[in-house]
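Everything below belongs to input-v7.txt, which stores compact mmCIF, C-alpha atoms.
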# COMPACT_ATOMS: atom_id res chain seq x y z
CA MET A 27 0.00 0.00 0.00
CA LYS A 28 1.79 3.10 -1.23
CA LEU A 29 0.03 5.36 1.26
CA SER A 30 -0.93 4.06 4.71
CA LYS A 31 -3.62 6.72 5.18
CA PRO A 32 -6.09 8.26 2.75
CA ARG A 33 -5.29 11.62 1.16
CA ILE A 34 -8.95 11.77 0.20
CA LYS A 35 -11.26 10.00 2.68
CA PRO A 36 -14.30 8.05 1.52
CA LEU A 37 -17.51 9.96 2.20
CA ASP A 38 -18.88 9.52 5.69
CA GLU A 39 -22.53 8.45 5.89
CA SER A 40 -23.39 11.88 7.24
CA GLU A 41 -22.15 13.40 3.96
CA TRP A 42 -24.28 11.31 1.57
CA THR A 43 -26.81 13.05 -0.67
CA PRO A 44 -30.18 11.24 -0.91
CA GLU A 45 -29.10 9.80 -4.29
CA GLN A 46 -25.81 8.56 -2.84
CA ALA A 47 -27.57 7.05 0.16
CA LYS A 48 -29.27 4.62 -2.24
CA THR A 49 -26.13 3.42 -4.04
CA LEU A 50 -23.47 3.81 -1.36
CA GLY A 51 -25.72 2.56 1.43
CA ARG A 52 -25.98 -0.81 -0.30
CA LEU A 53 -22.21 -1.12 -0.67
CA LYS A 54 -21.43 -0.22 2.90
CA GLY A 55 -23.65 -3.08 3.93
CA GLY A 56 -21.42 -5.38 1.91
CA SER A 57 -23.96 -6.58 -0.62
CA THR A 58 -25.23 -5.64 -4.07
CA GLU A 59 -28.34 -6.30 -6.08
CA PHE A 60 -26.55 -9.32 -7.52
CA GLY A 61 -26.49 -10.95 -4.12
CA ALA A 62 -22.71 -11.32 -4.06
CA LYS A 63 -20.70 -9.82 -1.25
CA MET A 64 -18.80 -6.89 -2.70
CA HIS A 65 -16.35 -4.89 -0.67
CA VAL A 66 -15.85 -1.82 -2.83
CA TYR A 67 -16.94 0.88 -0.47
CA ASN A 68 -13.60 2.63 -0.09
CA VAL A 69 -13.05 3.21 -3.80
CA LEU A 70 -16.63 4.21 -4.64
CA GLY A 71 -16.93 6.25 -1.44
CA THR A 72 -13.80 8.15 -2.46
CA LEU A 73 -14.79 8.72 -6.11
CA SER A 74 -18.18 9.96 -4.89
CA ARG A 75 -16.50 13.13 -3.63
CA HIS A 76 -16.65 14.20 -7.31
CA PRO A 77 -20.19 13.11 -8.23
CA GLU A 78 -20.12 14.45 -11.82
CA ALA A 79 -16.87 12.66 -12.60
CA ASN A 80 -17.98 9.51 -10.79
CA LYS A 81 -21.21 9.27 -12.80
CA LYS A 82 -19.44 9.54 -16.15
CA PHE A 83 -16.56 7.36 -15.06
CA GLY A 84 -19.06 4.67 -14.07
CA VAL A 85 -20.38 4.46 -17.65
CA TRP A 86 -16.92 3.75 -19.11
CA ALA A 87 -15.93 1.49 -16.20
CA GLY A 88 -19.17 -0.40 -16.89
CA HIS A 89 -17.94 -1.22 -20.40
CA ILE A 90 -14.65 -2.65 -19.15
CA MET A 91 -16.21 -4.82 -16.42
CA GLY A 92 -19.48 -5.52 -18.22
CA GLU A 93 -21.11 -7.36 -21.07
CA THR A 94 -19.84 -5.12 -23.89
CA ASN A 95 -16.19 -5.99 -23.17
CA THR A 96 -15.46 -8.69 -25.76
CA LEU A 97 -12.69 -10.32 -23.73
CA PRO A 98 -13.47 -13.51 -21.80
CA PRO A 99 -13.66 -12.45 -18.10
CA ARG A 100 -10.74 -14.67 -17.07
CA GLU A 101 -8.49 -12.98 -19.66
CA ARG A 102 -9.74 -9.53 -18.65
CA GLU A 103 -8.75 -10.27 -15.02
CA ILE A 104 -5.26 -11.45 -16.05
CA LEU A 105 -4.72 -8.03 -17.68
CA ILE A 106 -6.14 -6.13 -14.69
CA LEU A 107 -4.12 -8.06 -12.11
CA ARG A 108 -0.90 -7.63 -14.10
CA ILE A 109 -1.27 -3.86 -14.57
CA GLY A 110 -2.32 -3.52 -10.90
CA TRP A 111 0.84 -5.41 -9.91
CA LEU A 112 3.07 -3.30 -12.21
CA CYS A 113 1.55 -0.11 -10.75
CA GLU A 114 1.80 -1.49 -7.18
CA ALA A 115 -1.88 -0.70 -6.64
CA GLU A 116 -2.64 -2.97 -3.70
CA TYR A 117 -6.35 -2.08 -3.55
CA GLU A 118 -6.77 -3.11 -7.17
CA TRP A 119 -4.89 -6.35 -6.62
CA GLY A 120 -6.89 -7.27 -3.54
CA GLN A 121 -10.24 -6.59 -5.19
CA HIS A 122 -9.42 -8.29 -8.49
CA VAL A 123 -8.04 -11.42 -6.85
CA VAL A 124 -11.61 -11.88 -5.57
CA PHE A 125 -13.10 -11.22 -9.04
CA GLY A 126 -10.39 -13.32 -10.72
CA ARG A 127 -11.13 -16.39 -8.60
CA ALA A 128 -14.83 -15.99 -9.40
CA VAL A 129 -14.10 -16.18 -13.16
CA GLY A 130 -11.78 -19.18 -13.10
CA LEU A 131 -8.27 -18.08 -12.17
CA SER A 132 -6.56 -20.47 -9.76
CA ASP A 133 -4.60 -19.24 -6.73
CA GLU A 134 -1.48 -20.59 -8.40
CA GLU A 135 -2.15 -18.60 -11.60
CA ILE A 136 -2.87 -15.47 -9.58
CA ALA A 137 0.48 -15.82 -7.75
CA ARG A 138 2.18 -16.47 -11.11
CA ILE A 139 0.89 -13.18 -12.53
CA LYS A 140 3.34 -11.45 -10.16
CA LEU A 141 6.20 -13.41 -11.74
CA GLY A 142 5.29 -12.35 -15.29
CA ALA A 143 5.13 -13.84 -18.78
CA ASP A 144 8.33 -15.87 -18.56
CA ALA A 145 7.21 -17.89 -15.51
CA PRO A 146 6.65 -21.53 -16.50
CA GLY A 147 3.10 -22.75 -16.81
CA TRP A 148 1.40 -20.09 -18.94
CA SER A 149 -0.32 -20.96 -22.21
CA GLU A 150 1.07 -19.01 -25.18
CA HIS A 151 -2.03 -16.83 -25.25
CA ASP A 152 -1.97 -16.01 -21.54
CA ALA A 153 1.75 -15.17 -21.76
CA LEU A 154 0.93 -12.75 -24.62
CA LEU A 155 -1.71 -11.03 -22.47
CA ILE A 156 0.86 -10.43 -19.74
CA ARG A 157 3.40 -9.17 -22.29
CA ALA A 158 0.75 -6.79 -23.69
CA ALA A 159 0.20 -5.29 -20.22
CA ASP A 160 3.98 -4.96 -19.74
CA ASP A 161 4.45 -3.36 -23.19
CA LEU A 162 1.67 -0.84 -22.53
CA ARG A 163 3.06 0.11 -19.10
CA LYS A 164 6.60 0.49 -20.39
CA ASP A 165 6.09 1.98 -23.87
CA ALA A 166 2.39 2.95 -24.05
CA CYS A 167 2.32 0.67 -27.10
CA ILE A 168 1.94 -3.04 -27.82
CA SER A 169 4.96 -4.40 -29.71
CA ASP A 170 4.57 -5.97 -33.16
CA ALA A 171 5.41 -9.47 -31.88
CA VAL A 172 2.76 -9.34 -29.15
CA TRP A 173 0.11 -7.69 -31.36
CA ASN A 174 0.59 -10.24 -34.12
CA GLY A 175 0.58 -13.07 -31.58
CA LEU A 176 -2.69 -11.91 -30.01
CA ALA A 177 -4.20 -11.36 -33.47
CA LYS A 178 -3.94 -15.11 -34.13
CA THR A 179 -6.73 -15.63 -31.56
CA TYR A 180 -8.37 -12.22 -31.20
CA ASN A 181 -10.59 -10.18 -33.53
CA THR A 182 -10.44 -6.36 -33.85
CA HIS A 183 -12.86 -5.70 -30.97
CA GLN A 184 -10.88 -7.96 -28.66
CA LEU A 185 -7.55 -6.36 -29.58
CA MET A 186 -9.09 -2.96 -28.82
CA ASP A 187 -10.51 -4.22 -25.52
CA VAL A 188 -7.04 -5.40 -24.44
CA VAL A 189 -5.76 -1.82 -24.70
CA PHE A 190 -8.94 -0.31 -23.19
CA THR A 191 -8.74 -2.71 -20.21
CA VAL A 192 -5.06 -2.14 -19.45
CA GLY A 193 -5.36 1.64 -19.99
CA GLN A 194 -8.42 1.89 -17.79
CA TYR A 195 -6.84 -0.06 -14.96
CA ASN A 196 -3.65 1.96 -15.27
CA LEU A 197 -5.89 5.02 -14.67
CA VAL A 198 -7.62 3.28 -11.75
CA SER A 199 -4.23 2.37 -10.24
CA MET A 200 -3.14 6.01 -10.45
CA ALA A 201 -6.32 7.10 -8.66
CA LEU A 202 -6.20 4.40 -5.96
CA ASN A 203 -2.53 5.11 -5.25
CA SER A 204 -2.73 8.92 -5.36
CA PHE A 205 -5.94 9.24 -3.33
CA GLY A 206 -4.64 6.72 -0.75
CA VAL A 207 -7.62 4.36 -0.96
CA GLN A 208 -7.27 1.78 1.85
CA LEU A 209 -8.20 -1.91 1.62
CA ASP A 210 -11.81 -2.68 2.49
CA GLU A 211 -12.49 -4.91 5.47
CA GLY A 212 -11.95 -8.55 4.69
CA VAL A 213 -9.93 -7.96 1.52
CA LYS A 214 -6.36 -9.30 1.46
CA GLY A 215 -3.55 -7.23 -0.14
CA PHE A 216 -0.41 -8.34 -1.93
CA MET B 17 4.75 8.32 -34.85
CA LYS B 18 5.41 4.90 -33.39
CA LEU B 19 3.66 3.09 -36.23
CA SER B 20 3.80 4.46 -39.76
CA LYS B 21 0.65 2.59 -40.83
CA PRO B 22 -2.60 1.82 -39.02
CA ARG B 23 -3.05 -1.56 -37.35
CA ILE B 24 -6.76 -0.70 -37.14
CA HIS B 25 -8.16 1.56 -39.88
CA PRO B 26 -10.75 4.27 -39.32
CA LEU B 27 -14.23 3.02 -40.20
CA PRO B 28 -15.02 3.86 -43.84
CA GLU B 29 -18.02 6.14 -44.47
CA SER B 30 -20.01 3.30 -46.03
CA GLN B 31 -20.00 1.56 -42.61
CA TRP B 32 -21.02 4.51 -40.40
CA ASN B 33 -24.24 3.79 -38.50
CA GLU B 34 -26.95 6.43 -37.92
CA GLU B 35 -25.49 7.49 -34.56
CA GLN B 36 -22.00 7.80 -36.02
CA LYS B 37 -22.87 9.79 -39.17
CA PRO B 38 -23.30 13.27 -37.62
CA LEU B 39 -20.32 12.79 -35.25
CA TYR B 40 -17.88 11.66 -37.89
CA ALA B 41 -19.03 14.21 -40.45
CA ALA B 42 -18.27 16.94 -37.90
CA ALA B 43 -14.94 15.32 -37.01
CA LYS B 44 -13.96 15.28 -40.69
CA LYS B 45 -14.78 18.97 -41.04
CA GLY B 46 -12.96 20.12 -37.91
CA ALA B 47 -16.30 21.10 -36.44
CA THR B 48 -16.49 19.19 -33.14
CA GLU B 49 -17.17 20.76 -29.73
CA ILE B 50 -13.62 20.06 -28.68
CA SER B 51 -11.44 21.43 -31.47
CA THR B 52 -11.26 23.24 -34.78
CA SER B 53 -8.90 20.58 -36.09
CA VAL B 54 -9.91 17.51 -38.10
CA VAL B 55 -10.17 14.63 -35.56
CA PHE B 56 -11.55 11.90 -37.76
CA ASN B 57 -8.74 9.38 -37.56
CA VAL B 58 -9.08 8.79 -33.81
CA MET B 59 -12.87 8.90 -33.70
CA GLY B 60 -13.18 6.71 -36.79
CA THR B 61 -10.73 4.16 -35.38
CA LEU B 62 -12.53 3.89 -32.04
CA GLY B 63 -15.76 3.62 -34.01
CA ASN B 64 -14.79 0.10 -35.07
CA HIS B 65 -15.96 -0.91 -31.55
CA TRP B 66 -19.00 1.32 -31.27
CA GLU B 67 -20.36 -0.15 -28.00
CA ALA B 68 -17.05 0.69 -26.35
CA ALA B 69 -16.66 4.04 -28.11
CA LYS B 70 -20.09 5.27 -27.00
CA LYS B 71 -19.29 4.64 -23.34
CA PHE B 72 -15.76 5.93 -23.74
CA ASN B 73 -17.11 9.21 -25.12
CA VAL B 74 -19.18 9.80 -21.95
CA TRP B 75 -16.07 9.61 -19.74
CA ALA B 76 -13.88 11.44 -22.25
CA PHE B 77 -16.41 14.26 -22.19
CA HIS B 78 -15.96 14.67 -18.44
CA VAL B 79 -12.22 15.18 -18.85
CA MET B 80 -12.55 17.54 -21.84
CA GLY B 81 -15.82 19.18 -20.86
CA SER B 82 -17.42 21.51 -18.36
CA SER B 83 -17.63 19.04 -15.46
CA SER B 84 -13.82 18.97 -15.17
CA THR B 85 -12.85 21.40 -12.42
CA LEU B 86 -9.50 22.25 -14.01
CA SER B 87 -9.05 25.30 -16.21
CA PRO B 88 -8.66 24.36 -19.90
CA ARG B 89 -5.09 25.71 -19.95
CA GLU B 90 -4.09 23.53 -16.97
CA ARG B 91 -5.83 20.53 -18.49
CA GLU B 92 -3.89 20.92 -21.73
CA ILE B 93 -0.55 21.19 -19.89
CA LEU B 94 -1.27 17.78 -18.31
CA ILE B 95 -2.45 16.24 -21.59
CA LEU B 96 0.49 17.51 -23.64
CA ARG B 97 3.01 16.31 -21.06
CA ILE B 98 1.59 12.78 -20.80
CA GLY B 99 1.30 12.64 -24.59
CA TRP B 100 4.97 13.58 -24.83
CA LEU B 101 6.04 11.04 -22.17
CA CYS B 102 4.08 8.32 -24.01
CA GLN B 103 5.45 9.50 -27.37
CA ALA B 104 1.90 9.66 -28.74
CA GLU B 105 2.39 11.99 -31.67
CA TYR B 106 -1.31 12.11 -32.63
CA GLU B 107 -2.20 13.29 -29.13
CA TRP B 108 0.52 15.95 -29.21
CA ALA B 109 -0.57 17.22 -32.62
CA GLN B 110 -4.25 17.55 -31.67
CA HIS B 111 -3.65 19.04 -28.24
CA ALA B 112 -1.08 21.58 -29.45
CA VAL B 113 -3.96 23.08 -31.46
CA ILE B 114 -6.37 22.87 -28.52
CA GLY B 115 -3.69 24.16 -26.14
CA ARG B 116 -3.13 27.30 -28.24
CA ALA B 117 -6.86 27.92 -28.24
CA CYS B 118 -6.79 27.67 -24.40
CA GLY B 119 -4.03 30.24 -24.01
CA LEU B 120 -0.78 28.29 -24.14
CA SER B 121 1.93 30.07 -26.10
CA ASP B 122 4.08 28.31 -28.70
CA ALA B 123 7.07 28.73 -26.35
CA GLU B 124 5.18 27.10 -23.46
CA ILE B 125 4.06 24.22 -25.67
CA GLU B 126 7.66 23.58 -26.73
CA ARG B 127 8.82 23.90 -23.11
CA ILE B 128 6.43 21.12 -22.06
CA LYS B 129 8.76 18.71 -23.88
CA GLN B 130 11.59 19.77 -21.57
CA GLY B 131 9.60 19.23 -18.41
CA PRO B 132 9.17 20.89 -15.00
CA ASP B 133 12.83 21.88 -14.51
CA ALA B 134 12.97 24.03 -17.66
CA PRO B 135 13.23 27.74 -16.69
CA GLY B 136 10.14 29.87 -17.10
CA TRP B 137 7.38 27.83 -15.45
CA SER B 138 5.30 29.24 -12.60
CA ASP B 139 5.47 27.12 -9.41
CA HIS B 140 1.97 25.83 -10.07
CA ASP B 141 2.59 24.89 -13.72
CA ALA B 142 5.82 23.10 -12.71
CA LEU B 143 3.82 21.09 -10.15
CA LEU B 144 1.32 20.06 -12.85
CA LEU B 145 4.20 18.77 -14.96
CA ARG B 146 5.77 16.96 -11.98
CA ALA B 147 2.42 15.33 -11.16
CA THR B 148 2.23 14.02 -14.72
CA ASP B 149 5.79 12.69 -14.62
CA GLU B 150 5.17 10.97 -11.28
CA LEU B 151 1.93 9.37 -12.43
CA HIS B 152 3.62 8.10 -15.58
CA LYS B 153 6.63 6.68 -13.72
CA GLU B 154 5.14 5.50 -10.39
CA ALA B 155 1.36 5.57 -10.94
CA CYS B 156 1.28 7.85 -7.87
CA ILE B 157 1.73 11.54 -7.07
CA SER B 158 4.48 12.16 -4.48
CA ASP B 159 3.76 13.85 -1.15
CA ALA B 160 5.71 16.97 -2.14
CA THR B 161 3.81 17.44 -5.39
CA TRP B 162 0.41 16.60 -3.87
CA ASN B 163 0.90 19.02 -0.98
CA GLY B 164 2.16 21.69 -3.37
CA LEU B 165 -0.89 21.35 -5.63
CA ALA B 166 -3.19 21.27 -2.60
CA LYS B 167 -2.13 24.87 -1.78
CA THR B 168 -4.12 25.98 -4.85
CA PHE B 169 -6.41 23.05 -5.67
CA ASN B 170 -9.45 21.70 -3.86
CA THR B 171 -10.32 17.97 -3.59
CA GLN B 172 -12.18 17.75 -6.90
CA GLN B 173 -9.37 19.56 -8.75
CA LEU B 174 -6.79 17.18 -7.27
CA MET B 175 -8.96 14.26 -8.44
CA ASP B 176 -9.30 15.80 -11.91
CA VAL B 177 -5.48 16.03 -12.21
CA VAL B 178 -5.25 12.26 -11.81
CA PHE B 179 -8.32 11.57 -14.01
CA THR B 180 -6.89 13.75 -16.81
CA VAL B 181 -3.41 12.22 -16.80
CA GLY B 182 -4.79 8.68 -16.46
CA GLN B 183 -7.29 9.19 -19.24
CA TYR B 184 -4.73 10.60 -21.63
CA ASN B 185 -2.27 7.84 -20.76
CA LEU B 186 -5.06 5.45 -21.85
CA VAL B 187 -5.66 7.49 -25.01
CA SER B 188 -1.91 7.46 -25.79
CA MET B 189 -1.88 3.66 -25.45
CA CYS B 190 -4.75 3.43 -27.95
CA LEU B 191 -3.35 5.91 -30.44
CA ASN B 192 0.05 4.19 -30.37
CA SER B 193 -1.18 0.59 -30.40
CA PHE B 194 -3.90 1.05 -33.06
CA GLY B 195 -1.51 3.05 -35.25
CA VAL B 196 -3.74 6.13 -35.60
CA GLN B 197 -2.17 8.42 -38.24
CA LEU B 198 -2.11 12.22 -38.19
CA ASP B 199 -5.16 13.87 -39.72
CA GLU B 200 -4.80 16.29 -42.62
CA GLY B 201 -3.28 19.61 -41.66
CA LEU B 202 -1.98 18.48 -38.26
CA LYS B 203 1.67 18.97 -37.35
CA GLY B 204 3.44 16.27 -35.29
CA PHE B 205 6.28 16.57 -32.81
Encoding of this model in structure tokens:
Amino acid sequence: MKLSKPRIKPLDESEWTPEQAKTLGRLKGGSTEFGAKMHVYNVLGTLSRHPEANKKFGVWAGHIMGETNTLPPREREILILRIGWLCEAEYEWGQHVVFGRAVGLSDEEIARIKLGADAPGWSEHDALLIRAADDLRKDACISDAVWNGLAKTYNTHQLMDVVFTVGQYNLVSMALNSFGVQLDEGVKGF
Amino acid sequence: MKLSKPRIHPLPESQWNEEQKPLYAAAKKGATEISTSVVFNVMGTLGNHWEAAKKFNVWAFHVMGSSSTLSPREREILILRIGWLCQAEYEWAQHAVIGRACGLSDAEIERIKQGPDAPGWSDHDALLLRATDELHKEACISDATWNGLAKTFNTQQLMDVVFTVGQYNLVSMCLNSFGVQLDEGLKGF
């Protein structure tokens, strides 16, 4: 955790607008309309300090984590975990380990993401995903070798969603780190 | 320009859907809300994945629009610096035009390439550049830079600094990786 205390604190219940009471109230209770236990109060409670930005951000974030992202969820989480690791964004890691397990990543694979593309055990395609995240972090560009490799399996939409996913979670890492968002209760870090 | 040819081509006119037609026609004419320059190549490229592009535009319009709490000039300093650090020539070209329209001088635009230690920056402008450099390198703003910015900026402005740099780091990754080429009339680095 880069910062041990928040620079921007999540909204206190006493600060919620009536609209926020509906959405944030549910999260603080640790449940969502989907019935799964979600511990995302600290990030959403922090972003809610800028309601206009948060609303518009939610639309784009909803593409990346939702049905219109053309990547299989397991592959999406490999990208998110790798960029979170590279950015040392512990909140992102902790949260997406939970999501990653739910979409089929094993504990062993999750630990291996920290080791990178050259660690033994990855399929060729999974190794390319990790290299894509590394290329984007280092050069803001996917190399020819990785692009061409991914293009053997992926169509245009999927190639675009690789970059959108890594770029988005690079942004999220910057926000989590800079605002000092602390781990939610019950979520394990690195 | 990292790639001299597109990996993903802008959508040809024959494939524009009804929602895209007015947007892309305006982009081709340099008649969008954001700039007087032609911006078709980026919009047309993203348009290949219209479901994504539609949602992307909502968020992009926070950063470039009236709900951002930064002044346009400050916003463009951040965008130009991250574009430079990411070597995203398309971003630089477009935002040099926008930057001038927001009050940046040619000398200031050139000086952005040299960074926060170049002589001539106000304290505040130097902090904006440092914030960008730190976000690019460490995905985090340092205590010194954060506290410095917090002398002038409120909470929402501090958040918008990070949103702007993060967003344009994402945009740089797209422009570079998809091989988006300069539009007609735009000057690169």
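With atom CA of Met17 of chain B on one side and atom CA of Ala201 of chain A on the other, the separation reads 28.5 Å.
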Each residue of segment 89-181 of chain A lying at most 9 Å from segment 62-84 of chain A should get a row with its shortest atom-to-atom pair and the distance in Å to one decimal, counting only C-alpha atoms; could you produce that, ordered by chain and increasing number, as JSON lines?
{"residue": "A:His89", "atom": "CA", "partner": "A:Gly84", "partner_atom": "CA", "distance": 8.7}
{"residue": "A:Tyr117", "atom": "CA", "partner": "A:Val69", "partner_atom": "CA", "distance": 8.5}
{"residue": "A:Gln121", "atom": "CA", "partner": "A:Val66", "partner_atom": "CA", "distance": 7.7}
> Leaving out Val189 of chain A and any residue of its chain fewer than 2 positions from it, which residues lie within 9 Å of it when counting all atoms listed in the file, given as a PyMOL selection string?
Replying inline: (chain A and resi 158-159+162+167-168+184-187+191-194) or (chain B and resi 186+189-190+193)
>> Using only C-alpha atoms for the distances, tell me which of B:Leu165, B:Ala160, B:Met59, B:Ile114 is nearest to Val196 of chain B.
In response: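 The closest residue to Val196 of chain B is B:Met59.
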>> Quick check, in Å to one decimal: how far apart do atom CA of Ala137 of chain A and atom CA of Glu101 of chain A lie?
In response: 15.2 Å
> Out of B:Leu39, B:Val113, B:Ile125, B:Leu62, which residue has the shortest atom-to-atom distance to chain A when counting only C-alpha atoms?
Replying inline: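 Of all the options, B:Leu62 lies closest to chain A.
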>> Please find the residues of chain B near chain A - the criterion being any atom within 6 Å, counting all atoms listed in the file - and write them as an MDAnalysis selection string.
In response: chainID B and resid 65 71:72 74:75 102 155:157 172 182 186 189 192:193
> Counting all atoms listed in the file, which of A:Ile156, A:Val213, A:Ala171, A:Val207 gets nearest to Leu105 of chain A?
Replying inline: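 Going through A:Ile156, A:Val213, A:Ala171, A:Val207 one by one, the smallest distance to Leu105 of chain A is for A:Ile156.
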>> Here is a test: counting only C-alpha atoms, which residue of B:Ala42, B:Ala109, B:Ile24, B:Leu101 is nearest to Phe205 of chain B?
In response: B:Ala109
> Which neighbours of His25 of chain B fall inside 9 Å, counting all atoms listed in the file, when residues of the same chain fewer than 6 positions from it are skipped, and could you give them as an MDAnalysis selection string?
Replying inline: chainID B and resid 57 60:61 64 194:196
>> For a test of reading the model, state the distance in Å between atom CA of Trp111 of chain A and atom CA of Lys153 of chain B, rounded to one decimal.
In response: 13.9 Å
>> I'd like to know which of A:Lys48, A:His151, A:Lys54, A:Lys31 is closest to Glu211 of chain A, using all atoms listed in the file.
In response: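 Of all the options, A:Lys54 lies closest to Glu211 of chain A.
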> Can you list, as a list in words, every protein, DNA or RNA residue that comes within 9 Å of Gly136 of chain B when you count all atoms listed in the file, leaving out same-chain residues fewer than 2 positions away?
Replying inline: Glu124, Arg127, Asp133, Ala134 and Ser138 of chain B
>> For a quick check of your reading of the model, name the residues lying within 10 Å of the coordinate (5.0, 13.2, -12.3), counting only C-alpha atoms, and write them as a ChimeraX atom specification.
In response: /B:94,97-98,131-132,142-158,161,181
>> Would you pick out the contacts of Lys45 of chain B at 10 Å or less, using only C-alpha atoms, so that residues sharing its chain but fewer than 4 positions from it are not included, and give the list as a list in words?
In response: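 So the residues in contact are Tyr40, Ala41, Thr52, Ser53, Val54, Val55 and Phe56 of chain B.
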Put the listed atoms of segment 157-167 of chain A in a box along x, y and z with 6 Å added on every side and give me the centre and edge lengths in Å to one decimal, as lines of an AutoDock Vina configuration file.
center_x = 3.4
center_y = -3.1
center_z = -23.1
size_x = 18.4
size_y = 24.1
size_z = 20.0
>> With distances taken over all atoms listed in the file, which residue among B:Ala104, B:Val187, B:Asp122, B:Asp176 lies nearest Ser83 of chain B?
In response: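 Under the stated criterion, the closest residue is B:Asp176.
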> Within 8 Å of Arg157 of chain A, counting all atoms listed in the file, which residues qualify if same-chain residues fewer than 5 places away don't, as a PyMOL selection string?
Replying inline: chain A and resi 142-143+172
